[in-house]
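Pasted below: work.cif, mmCIF, C-alpha atoms and all ligand atoms; chains and numbers go by the auth columns.
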data_my_file
loop_
_atom_site.group_PDB
_atom_site.id
_atom_site.type_symbol
_atom_site.label_atom_id
_atom_site.label_comp_id
_atom_site.label_asym_id
_atom_site.label_seq_id
_atom_site.Cartn_x
_atom_site.Cartn_y
_atom_site.Cartn_z
_atom_site.B_iso_or_equiv
_atom_site.auth_seq_id
_atom_site.auth_asym_id
ATOM 1 C CA MET A 1 78.259 -18.934 13.916 0.00 1 A
ATOM 2 C CA ILE A 2 76.986 -22.476 14.380 0.00 2 A
ATOM 3 C CA THR A 3 76.366 -24.655 11.327 0.00 3 A
ATOM 4 C CA LEU A 4 74.122 -27.702 11.517 0.00 4 A
ATOM 5 C CA TYR A 5 74.578 -30.397 8.891 0.00 5 A
ATOM 6 C CA ASP A 6 70.995 -31.379 8.776 0.00 6 A
ATOM 7 C CA ALA A 7 68.274 -33.345 6.999 0.00 7 A
ATOM 8 C CA ASP A 8 64.635 -32.296 7.328 0.00 8 A
ATOM 9 C CA ARG A 9 63.375 -35.860 7.523 0.00 9 A
ATOM 10 C CA CYS A 10 65.941 -37.042 10.104 0.00 10 A
ATOM 11 C CA PRO A 11 64.571 -37.406 13.669 0.00 11 A
ATOM 12 C CA TYR A 12 68.094 -37.286 15.142 0.00 12 A
ATOM 13 C CA CYS A 13 68.554 -33.899 13.453 0.00 13 A
ATOM 14 C CA ALA A 14 65.147 -32.903 14.855 0.00 14 A
ATOM 15 C CA ARG A 15 66.520 -33.382 18.360 0.00 15 A
ATOM 16 C CA VAL A 16 69.200 -30.785 17.669 0.00 16 A
ATOM 17 C CA ARG A 17 66.863 -28.390 15.820 0.00 17 A
ATOM 18 C CA ILE A 18 64.490 -28.449 18.797 0.00 18 A
ATOM 19 C CA MET A 19 67.339 -27.821 21.206 0.00 19 A
ATOM 20 C CA LEU A 20 68.724 -24.891 19.177 0.00 20 A
ATOM 21 C CA ALA A 21 65.224 -23.384 19.021 0.00 21 A
ATOM 22 C CA GLU A 22 64.647 -23.847 22.766 0.00 22 A
ATOM 23 C CA LYS A 23 67.923 -22.096 23.509 0.00 23 A
ATOM 24 C CA GLY A 24 67.227 -19.317 20.998 0.00 24 A
ATOM 25 C CA ILE A 25 70.558 -19.952 19.285 0.00 25 A
ATOM 26 C CA GLU A 26 71.119 -18.541 15.809 0.00 26 A
ATOM 27 C CA TYR A 27 72.512 -21.033 13.331 0.00 27 A
ATOM 28 C CA GLU A 28 72.703 -21.885 9.689 0.00 28 A
ATOM 29 C CA THR A 29 71.863 -25.247 8.160 0.00 29 A
ATOM 30 C CA VAL A 30 73.427 -27.257 5.382 0.00 30 A
ATOM 31 C CA GLU A 31 70.837 -29.741 4.131 0.00 31 A
ATOM 32 C CA VAL A 32 72.368 -33.129 3.387 0.00 32 A
ATOM 33 C CA ASP A 33 70.658 -35.352 0.833 0.00 33 A
ATOM 34 C CA LEU A 34 70.383 -38.684 2.649 0.00 34 A
ATOM 35 C CA ASP A 35 69.631 -40.502 -0.622 0.00 35 A
ATOM 36 C CA ASP A 36 72.781 -39.201 -2.261 0.00 36 A
ATOM 37 C CA ARG A 37 75.170 -38.278 0.510 0.00 37 A
ATOM 38 C CA PRO A 38 77.977 -35.942 -0.523 0.00 38 A
ATOM 39 C CA ALA A 39 81.523 -37.332 -0.069 0.00 39 A
ATOM 40 C CA TRP A 40 82.485 -34.332 2.090 0.00 40 A
ATOM 41 C CA ILE A 41 80.098 -35.386 4.872 0.00 41 A
ATOM 42 C CA TYR A 42 82.709 -38.019 5.855 0.00 42 A
ATOM 43 C CA GLU A 43 85.136 -35.157 6.577 0.00 43 A
ATOM 44 C CA LYS A 44 82.586 -33.794 9.048 0.00 44 A
ATOM 45 C CA ASN A 45 81.667 -37.196 10.520 0.00 45 A
ATOM 46 C CA PRO A 46 83.629 -40.359 9.669 0.00 46 A
ATOM 47 C CA LEU A 47 80.355 -42.324 9.952 0.00 47 A
ATOM 48 C CA GLY A 48 78.809 -40.139 7.252 0.00 48 A
ATOM 49 C CA ARG A 49 75.741 -39.422 9.367 0.00 49 A
ATOM 50 C CA VAL A 50 73.821 -36.310 10.274 0.00 50 A
ATOM 51 C CA PRO A 51 73.403 -34.354 12.471 0.00 51 A
ATOM 52 C CA VAL A 52 76.807 -32.743 12.809 0.00 52 A
ATOM 53 C CA LEU A 53 77.295 -29.448 14.594 0.00 53 A
ATOM 54 C CA GLU A 54 80.124 -27.165 13.521 0.00 54 A
ATOM 55 C CA GLU A 55 81.315 -24.137 15.418 0.00 55 A
ATOM 56 C CA ASP A 56 84.440 -22.579 13.883 0.00 56 A
ATOM 57 C CA THR A 57 86.845 -25.522 13.764 0.00 57 A
ATOM 58 C CA PHE A 58 84.910 -27.602 16.317 0.00 58 A
ATOM 59 C CA LEU A 59 82.971 -30.520 14.848 0.00 59 A
ATOM 60 C CA LEU A 60 80.561 -32.658 16.835 0.00 60 A
ATOM 61 C CA PRO A 61 78.387 -35.574 15.636 0.00 61 A
ATOM 62 C CA GLU A 62 75.824 -37.639 17.639 0.00 62 A
ATOM 63 C CA SER A 63 72.558 -35.939 18.546 0.00 63 A
ATOM 64 C CA ALA A 64 72.576 -36.860 22.253 0.00 64 A
ATOM 65 C CA VAL A 65 76.159 -35.618 22.678 0.00 65 A
ATOM 66 C CA ILE A 66 75.426 -32.453 20.679 0.00 66 A
ATOM 67 C CA ASN A 67 72.459 -31.683 22.936 0.00 67 A
ATOM 68 C CA GLU A 68 74.546 -32.251 26.074 0.00 68 A
ATOM 69 C CA TYR A 69 77.135 -29.878 24.612 0.00 69 A
ATOM 70 C CA LEU A 70 74.528 -27.228 23.810 0.00 70 A
ATOM 71 C CA GLU A 71 73.070 -27.538 27.313 0.00 71 A
ATOM 72 C CA GLU A 72 76.485 -26.875 28.863 0.00 72 A
ATOM 73 C CA ARG A 73 77.551 -24.181 26.419 0.00 73 A
ATOM 74 C CA TYR A 74 74.210 -22.344 26.557 0.00 74 A
ATOM 75 C CA PRO A 75 72.878 -23.092 30.048 0.00 75 A
ATOM 76 C CA GLU A 76 69.783 -20.864 29.805 0.00 76 A
ATOM 77 C CA PRO A 77 67.015 -21.931 29.814 0.00 77 A
ATOM 78 C CA ALA A 78 68.103 -25.065 31.697 0.00 78 A
ATOM 79 C CA LEU A 79 66.808 -28.261 30.098 0.00 79 A
ATOM 80 C CA TRP A 80 68.098 -30.824 32.580 0.00 80 A
ATOM 81 C CA PRO A 81 66.407 -31.144 35.993 0.00 81 A
ATOM 82 C CA GLY A 82 68.243 -29.331 38.784 0.00 82 A
ATOM 83 C CA ASP A 83 68.120 -32.321 41.119 0.00 83 A
ATOM 84 C CA PRO A 84 70.989 -34.798 40.444 0.00 84 A
ATOM 85 C CA GLY A 85 68.772 -37.856 40.942 0.00 85 A
ATOM 86 C CA ASP A 86 66.070 -36.546 38.591 0.00 86 A
ATOM 87 C CA ARG A 87 68.780 -35.599 36.104 0.00 87 A
ATOM 88 C CA ALA A 88 70.271 -39.100 36.227 0.00 88 A
ATOM 89 C CA LEU A 89 66.854 -40.695 35.615 0.00 89 A
ATOM 90 C CA ALA A 90 66.228 -38.414 32.637 0.00 90 A
ATOM 91 C CA ARG A 91 69.683 -39.266 31.252 0.00 91 A
ATOM 92 C CA LEU A 92 68.935 -42.966 31.725 0.00 92 A
ATOM 93 C CA LEU A 93 65.962 -42.611 29.384 0.00 93 A
ATOM 94 C CA VAL A 94 68.138 -41.029 26.700 0.00 94 A
ATOM 95 C CA TYR A 95 70.753 -43.754 27.272 0.00 95 A
ATOM 96 C CA ARG A 96 68.089 -46.434 26.790 0.00 96 A
ATOM 97 C CA PHE A 97 66.543 -44.808 23.729 0.00 97 A
ATOM 98 C CA ASP A 98 67.108 -48.055 21.772 0.00 98 A
ATOM 99 C CA GLU A 99 64.083 -49.453 23.601 0.00 99 A
ATOM 100 C CA LEU A 100 61.944 -47.163 21.441 0.00 100 A
ATOM 101 C CA SER A 101 64.083 -46.800 18.327 0.00 101 A
ATOM 102 C CA LYS A 102 64.632 -50.521 17.694 0.00 102 A
ATOM 103 C CA PRO A 103 60.905 -51.327 17.425 0.00 103 A
ATOM 104 C CA TYR A 104 60.325 -48.033 15.544 0.00 104 A
ATOM 105 C CA TYR A 105 62.796 -48.902 12.789 0.00 105 A
ATOM 106 C CA ALA A 106 61.611 -52.521 12.748 0.00 106 A
ATOM 107 C CA LEU A 107 58.092 -51.172 12.198 0.00 107 A
ATOM 108 C CA ARG A 108 59.309 -48.970 9.364 0.00 108 A
ATOM 109 C CA ARG A 109 60.966 -51.978 7.764 0.00 109 A
ATOM 110 C CA GLY A 110 57.672 -53.856 8.119 0.00 110 A
ATOM 111 C CA GLU A 111 59.152 -56.628 10.273 0.00 111 A
ATOM 112 C CA PRO A 112 56.648 -59.131 11.704 0.00 112 A
ATOM 113 C CA GLY A 113 55.735 -58.402 15.330 0.00 113 A
ATOM 114 C CA ALA A 114 57.230 -54.901 15.205 0.00 114 A
ATOM 115 C CA GLY A 115 53.851 -53.218 15.787 0.00 115 A
ATOM 116 C CA GLU A 116 53.410 -55.144 19.044 0.00 116 A
ATOM 117 C CA ARG A 117 56.950 -54.316 20.148 0.00 117 A
ATOM 118 C CA PHE A 118 56.416 -50.636 19.380 0.00 118 A
ATOM 119 C CA ASP A 119 53.153 -50.669 21.356 0.00 119 A
ATOM 120 C CA GLU A 120 55.006 -52.239 24.297 0.00 120 A
ATOM 121 C CA ALA A 121 57.557 -49.408 24.164 0.00 121 A
ATOM 122 C CA LEU A 122 54.715 -46.859 24.062 0.00 122 A
ATOM 123 C CA ALA A 123 53.041 -48.591 27.017 0.00 123 A
ATOM 124 C CA ARG A 124 56.261 -48.197 29.059 0.00 124 A
ATOM 125 C CA LEU A 125 56.399 -44.480 28.205 0.00 125 A
ATOM 126 C CA ASP A 126 52.696 -44.180 29.018 0.00 126 A
ATOM 127 C CA ALA A 127 53.223 -45.657 32.490 0.00 127 A
ATOM 128 C CA LEU A 128 56.069 -43.234 33.111 0.00 128 A
ATOM 129 C CA LEU A 129 54.043 -40.266 31.881 0.00 129 A
ATOM 130 C CA GLU A 130 51.170 -41.227 34.142 0.00 130 A
ATOM 131 C CA ALA A 131 53.539 -40.785 37.072 0.00 131 A
ATOM 132 C CA GLN A 132 55.217 -37.565 35.895 0.00 132 A
ATOM 133 C CA PRO A 133 54.240 -34.874 33.382 0.00 133 A
ATOM 134 C CA PHE A 134 57.387 -35.039 31.285 0.00 134 A
ATOM 135 C CA LEU A 135 59.962 -37.687 30.398 0.00 135 A
ATOM 136 C CA SER A 136 62.524 -35.366 31.969 0.00 136 A
ATOM 137 C CA GLY A 137 60.543 -35.358 35.225 0.00 137 A
ATOM 138 C CA ARG A 138 58.581 -32.464 36.640 0.00 138 A
ATOM 139 C CA GLU A 139 59.651 -30.089 33.865 0.00 139 A
ATOM 140 C CA TYR A 140 60.088 -30.365 30.119 0.00 140 A
ATOM 141 C CA GLY A 141 63.671 -31.078 29.145 0.00 141 A
ATOM 142 C CA LEU A 142 66.241 -33.022 27.198 0.00 142 A
ATOM 143 C CA ALA A 143 64.667 -36.470 27.572 0.00 143 A
ATOM 144 C CA ASP A 144 61.459 -35.099 26.018 0.00 144 A
ATOM 145 C CA VAL A 145 63.480 -33.562 23.190 0.00 145 A
ATOM 146 C CA ALA A 146 65.213 -36.924 22.675 0.00 146 A
ATOM 147 C CA TYR A 147 61.973 -38.902 22.222 0.00 147 A
ATOM 148 C CA VAL A 148 59.360 -36.637 20.665 0.00 148 A
ATOM 149 C CA PRO A 149 60.682 -36.663 17.047 0.00 149 A
ATOM 150 C CA TRP A 150 59.975 -40.418 16.785 0.00 150 A
ATOM 151 C CA ILE A 151 56.576 -40.202 18.451 0.00 151 A
ATOM 152 C CA LEU A 152 55.442 -37.487 16.016 0.00 152 A
ATOM 153 C CA ARG A 153 56.689 -39.541 13.047 0.00 153 A
ATOM 154 C CA ALA A 154 55.130 -42.750 14.371 0.00 154 A
ATOM 155 C CA ARG A 155 51.760 -41.002 14.730 0.00 155 A
ATOM 156 C CA ASP A 156 51.767 -38.888 11.576 0.00 156 A
ATOM 157 C CA ARG A 157 53.787 -41.028 9.160 0.00 157 A
ATOM 158 C CA LEU A 158 53.378 -44.607 10.336 0.00 158 A
ATOM 159 C CA GLY A 159 49.753 -44.206 11.408 0.00 159 A
ATOM 160 C CA ILE A 160 50.287 -45.279 15.016 0.00 160 A
ATOM 161 C CA ASP A 161 47.214 -44.571 17.121 0.00 161 A
ATOM 162 C CA LEU A 162 48.108 -42.867 20.400 0.00 162 A
ATOM 163 C CA GLU A 163 44.597 -43.172 21.836 0.00 163 A
ATOM 164 C CA PRO A 164 45.405 -46.392 23.759 0.00 164 A
ATOM 165 C CA PHE A 165 48.265 -44.430 25.404 0.00 165 A
ATOM 166 C CA PRO A 166 46.473 -41.407 26.871 0.00 166 A
ATOM 167 C CA ALA A 167 49.417 -40.165 28.926 0.00 167 A
ATOM 168 C CA VAL A 168 51.631 -40.193 25.819 0.00 168 A
ATOM 169 C CA ALA A 169 48.889 -38.483 23.786 0.00 169 A
ATOM 170 C CA GLY A 170 48.504 -35.792 26.491 0.00 170 A
ATOM 171 C CA TRP A 171 52.269 -35.311 26.621 0.00 171 A
ATOM 172 C CA VAL A 172 52.358 -34.792 22.816 0.00 172 A
ATOM 173 C CA ASP A 173 49.504 -32.266 23.096 0.00 173 A
ATOM 174 C CA ARG A 174 51.452 -30.326 25.729 0.00 174 A
ATOM 175 C CA LEU A 175 54.670 -30.468 23.743 0.00 175 A
ATOM 176 C CA VAL A 176 53.235 -29.249 20.434 0.00 176 A
ATOM 177 C CA GLU A 177 52.251 -26.022 22.185 0.00 177 A
ATOM 178 C CA ARG A 178 55.967 -25.190 22.256 0.00 178 A
ATOM 179 C CA PRO A 179 57.117 -23.323 19.125 0.00 179 A
ATOM 180 C CA SER A 180 60.183 -25.583 18.848 0.00 180 A
ATOM 181 C CA ILE A 181 58.012 -28.708 18.576 0.00 181 A
ATOM 182 C CA ALA A 182 55.253 -27.051 16.517 0.00 182 A
ATOM 183 C CA ALA A 183 57.930 -26.270 13.898 0.00 183 A
ATOM 184 C CA GLU A 184 58.879 -29.956 13.810 0.00 184 A
ATOM 185 C CA LEU A 185 55.269 -30.985 13.456 0.00 185 A
ATOM 186 C CA GLU A 186 55.029 -28.784 10.338 0.00 186 A
ATOM 187 C CA LEU A 187 58.212 -30.322 8.961 0.00 187 A
ATOM 188 C CA VAL A 188 56.864 -33.841 9.519 0.00 188 A
ATOM 189 C CA ALA A 189 53.710 -32.859 7.639 0.00 189 A
ATOM 190 C CA SER A 190 55.589 -31.330 4.736 0.00 190 A
ATOM 191 C CA SER A 191 58.693 -33.486 4.256 0.00 191 A
HETATM 192 N N1 LIG B . 73.437 -41.990 16.587 0.00 1 B
HETATM 193 C C1 LIG B . 73.300 -40.963 15.590 0.00 1 B
HETATM 194 C C2 LIG B . 72.370 -41.444 14.501 0.00 1 B
HETATM 195 C C3 LIG B . 72.269 -40.458 13.341 0.00 1 B
HETATM 196 C C4 LIG B . 71.637 -41.111 12.119 0.00 1 B
HETATM 197 O O1 LIG B . 71.449 -42.338 12.053 0.00 1 B
HETATM 198 N N2 LIG B . 71.285 -40.276 11.140 0.00 1 B
HETATM 199 C C5 LIG B . 70.757 -40.811 9.911 0.00 1 B
HETATM 200 C C6 LIG B . 69.694 -39.922 9.306 0.00 1 B
HETATM 201 S S1 LIG B . 68.222 -39.909 10.306 0.00 1 B
HETATM 202 C C7 LIG B . 71.870 -40.896 8.890 0.00 1 B
HETATM 203 O O2 LIG B . 72.681 -39.987 8.755 0.00 1 B
HETATM 204 N N3 LIG B . 71.885 -42.016 8.169 0.00 1 B
HETATM 205 C C8 LIG B . 72.872 -42.294 7.185 0.00 1 B
HETATM 206 C C9 LIG B . 73.602 -43.587 7.506 0.00 1 B
HETATM 207 O O3 LIG B . 73.302 -44.239 8.495 0.00 1 B
HETATM 208 O O4 LIG B . 74.504 -43.911 6.774 0.00 1 B
HETATM 209 C C10 LIG B . 72.805 -39.666 16.253 0.00 1 B
HETATM 210 O O5 LIG B . 72.179 -39.765 17.322 0.00 1 B
HETATM 211 O O6 LIG B . 73.074 -38.561 15.762 0.00 1 B
#
Will you turn the file into structure tokens for me?
Amino acid sequence: MITLYDADRCPYCARVRIMLAEKGIEYETVEVDLDDRPAWIYEKNPLGRVPVLEEDTFLLPESAVINEYLEERYPEPALWPGDPGDRALARLLVYRFDELSKPYYALRRGEPGAGERFDEALARLDALLEAQPFLSGREYGLADVAYVPWILRARDRLGIDLEPFPAVAGWVDRLVERPSIAAELELVASS
């Protein structure tokens, strides 16, 4: 059985929850209180962060690495593009995720100019999504899973208007039709 050390409000954990749901993998969760982290979490991840995936004696932190692992261990349905070039471009987006997360967390901290920087990041995603239906390319996949938790939180928690970014807004509308993302949307609303 897989155990996910998890926190409802954590977007990195959301990446893994979405992936587990997409793959139809059964798992149990241990909710970690991020405001009062238990000492034992450092035995699971020396950085003390969630998510951490545990499978028997195997422990794995880092959401992007966990999702790569799950993709290889449970290849169906495939969530990376079949074409190596398309796959590399989708991986590049995950690799450069800081381009969205840095302005997102700056915005949350209320830093001056963060709103403009976040809008610039959204504009780059919008241009990409005008050219292709999904961040992963022609099909939904791991790059979409990697980004959508922050976009949902930016819209529903930070009050970011997606209307000026119609391709991003359309992408979100398509994604929330998936049960894995709809479940996250509910969690964002309730946590
Ligand atoms: N790079 C990590 C980041 C995970 C992360 O920052 N998780 C947050 C919760 S959303 C956390 O555990 N924060 C506690 C801390 O940073 O000490 C990943 O992708 O899994």
Contacts with ligand LIG 1 (chain B) at most 7 Å, only C-alpha atoms and all ligand atoms counted, listed as an MDAnalysis selection string: chainID A and resid 9:13 34 47:51 61:64
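Nearest residue to Thr29 (chain A), choosing from A:Met1, A:Val168, A:Tyr69, A:Leu93 and counting only C-alpha atoms: A:Met1.
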Report the closest atom pair, with its distance in Å rounded to one decimal, for each residue of region 144-168 of chain A that has an atom no farther than 12 Å from region 81-90 of chain A; count all atoms listed in the file, sort by chain and then rising residue number, and write it as a tab-separated table.
residue	atom	partner	partner_atom	distance
A:Asp144	CA	A:Ala90	CA	8.8
A:Val145	CA	A:Ala90	CA	11.0
A:Ala146	CA	A:Ala90	CA	10.1
A:Tyr147	CA	A:Ala90	CA	11.3
Spell out the residues picked by the PyMOL selection byres (((chain A and resi 59) around 10) and not hetatm) here, as a compact mmCIF listing (two decimals) with C-alpha atoms, in the frame of the given file.
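This went into expr-v1.txt:
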# COMPACT_ATOMS: atom_id res chain seq x y z
CA THR A 3 76.37 -24.66 11.33
CA LEU A 4 74.12 -27.70 11.52
CA GLU A 43 85.14 -35.16 6.58
CA LYS A 44 82.59 -33.79 9.05
CA ASN A 45 81.67 -37.20 10.52
CA VAL A 52 76.81 -32.74 12.81
CA LEU A 53 77.30 -29.45 14.59
CA GLU A 54 80.12 -27.16 13.52
CA GLU A 55 81.32 -24.14 15.42
CA ASP A 56 84.44 -22.58 13.88
CA THR A 57 86.84 -25.52 13.76
CA PHE A 58 84.91 -27.60 16.32
CA LEU A 60 80.56 -32.66 16.84
CA PRO A 61 78.39 -35.57 15.64
CA ILE A 66 75.43 -32.45 20.68
Result set, the PyMOL selection byres (((chain A and resi 179-183) around 9) and not hetatm) on current file, as a ChimeraX atom specification: /A:17-22,145,148-149,175-178,184-188
Contacts of region 98-102 of chain A at 9 Å (all atoms listed in the file; same-chain gap of 6+ positions) as a ChimeraX atom specification: /A:114,117-118,121-122,147,150
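Atom pair CA of Val32 (chain A) / CA of Tyr5 (chain A): separated by 6.5 Å.
Residues selected in this file by the PyMOL selection byres (((chain A and resi 153-167) around 9) and not hetatm) comprise Pro11, Tyr104, Leu107, Arg108, Gly115, Asp119, Leu122, Ala123, Leu125, Asp126, Ala127, Leu128, Leu129, Glu130, Pro133, Val148, Pro149, Trp150, Ile151, Leu152, Val168, Ala169, Gly170, Trp171, Val172, Leu185, Val188 and Ala189 of chain A.
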If I only want region 20-104 of chain A, can you write it with C-alpha atoms, as a CSV table (one decimal), in the first residue's frame?
chain,number,residue,atom,x,y,z
A,20,LEU,CA,-2.6,9.2,-7.9
A,21,ALA,CA,-6.2,9.9,-8.9
A,22,GLU,CA,-5.4,9.9,-12.7
A,23,LYS,CA,-3.6,6.6,-12.3
A,24,GLY,CA,-6.4,5.1,-10.2
A,25,ILE,CA,-4.0,4.1,-7.5
A,26,GLU,CA,-5.3,3.2,-4.1
A,27,TYR,CA,-3.4,4.9,-1.3
A,28,GLU,CA,-3.8,6.2,2.3
A,29,THR,CA,-2.9,9.6,3.5
A,30,VAL,CA,-1.3,10.9,6.7
A,31,GLU,CA,-2.3,14.6,7.1
A,32,VAL,CA,0.6,16.7,8.3
A,33,ASP,CA,-0.1,19.9,10.2
A,34,LEU,CA,2.0,22.4,8.4
A,35,ASP,CA,1.6,24.9,11.3
A,36,ASP,CA,2.9,22.4,13.9
A,37,ARG,CA,5.0,19.9,12.0
A,38,PRO,CA,5.5,16.6,13.8
A,39,ALA,CA,9.2,15.8,14.6
A,40,TRP,CA,8.8,12.4,12.8
A,41,ILE,CA,8.3,14.1,9.4
A,42,TYR,CA,12.1,14.7,9.3
A,43,GLU,CA,12.6,10.9,9.4
A,44,LYS,CA,10.5,10.7,6.2
A,45,ASN,CA,12.1,13.8,4.6
A,46,PRO,CA,15.2,15.4,6.1
A,47,LEU,CA,13.8,18.8,4.8
A,48,GLY,CA,10.7,18.3,6.8
A,49,ARG,CA,8.4,19.0,3.8
A,50,VAL,CA,5.4,17.3,2.3
A,51,PRO,CA,4.6,15.6,0.0
A,52,VAL,CA,6.4,12.3,0.8
A,53,LEU,CA,5.4,9.1,-0.8
A,54,GLU,CA,6.0,5.8,1.1
A,55,GLU,CA,5.7,2.4,-0.4
A,56,ASP,CA,6.9,-0.3,2.1
A,57,THR,CA,10.4,0.8,3.0
A,58,PHE,CA,10.7,3.1,0.0
A,59,LEU,CA,10.5,6.8,0.8
A,60,LEU,CA,10.4,9.6,-1.8
A,61,PRO,CA,10.0,13.3,-1.3
A,62,GLU,CA,9.7,16.1,-4.0
A,63,SER,CA,6.5,16.3,-6.0
A,64,ALA,CA,8.0,16.4,-9.5
A,65,VAL,CA,10.2,13.4,-8.7
A,66,ILE,CA,7.3,11.5,-7.1
A,67,ASN,CA,5.2,12.1,-10.2
A,68,GLU,CA,8.0,10.9,-12.5
A,69,TYR,CA,8.2,7.8,-10.3
A,70,LEU,CA,4.5,7.2,-10.4
A,71,GLU,CA,4.5,7.6,-14.2
A,72,GLU,CA,7.2,5.0,-14.6
A,73,ARG,CA,5.8,2.6,-12.0
A,74,TYR,CA,2.2,2.9,-13.2
A,75,PRO,CA,2.5,3.6,-16.9
A,76,GLU,CA,-1.2,3.5,-17.7
A,77,PRO,CA,-2.7,5.9,-18.6
A,78,ALA,CA,0.4,7.5,-20.0
A,79,LEU,CA,0.8,11.1,-18.9
A,80,TRP,CA,3.9,12.1,-20.8
A,81,PRO,CA,3.7,12.7,-24.5
A,82,GLY,CA,4.9,9.8,-26.6
A,83,ASP,CA,7.1,11.9,-28.8
A,84,PRO,CA,10.5,12.5,-27.2
A,85,GLY,CA,10.7,16.1,-28.4
A,86,ASP,CA,7.2,16.9,-27.0
A,87,ARG,CA,8.1,15.1,-23.8
A,88,ALA,CA,11.3,17.1,-23.4
A,89,LEU,CA,9.4,20.4,-23.9
A,90,ALA,CA,6.8,19.4,-21.3
A,91,ARG,CA,9.6,18.4,-18.9
A,92,LEU,CA,11.2,21.8,-19.5
A,93,LEU,CA,8.1,23.5,-18.2
A,94,VAL,CA,8.1,21.5,-15.0
A,95,TYR,CA,11.9,22.2,-14.7
A,96,ARG,CA,11.2,26.0,-15.0
A,97,PHE,CA,8.2,26.0,-12.7
A,98,ASP,CA,10.0,28.7,-10.6
A,99,GLU,CA,8.9,31.2,-13.3
A,100,LEU,CA,5.4,30.8,-11.9
A,101,SER,CA,6.0,29.9,-8.3
A,102,LYS,CA,8.4,32.7,-7.5
A,103,PRO,CA,5.9,35.5,-8.4
A,104,TYR,CA,3.0,33.4,-6.8
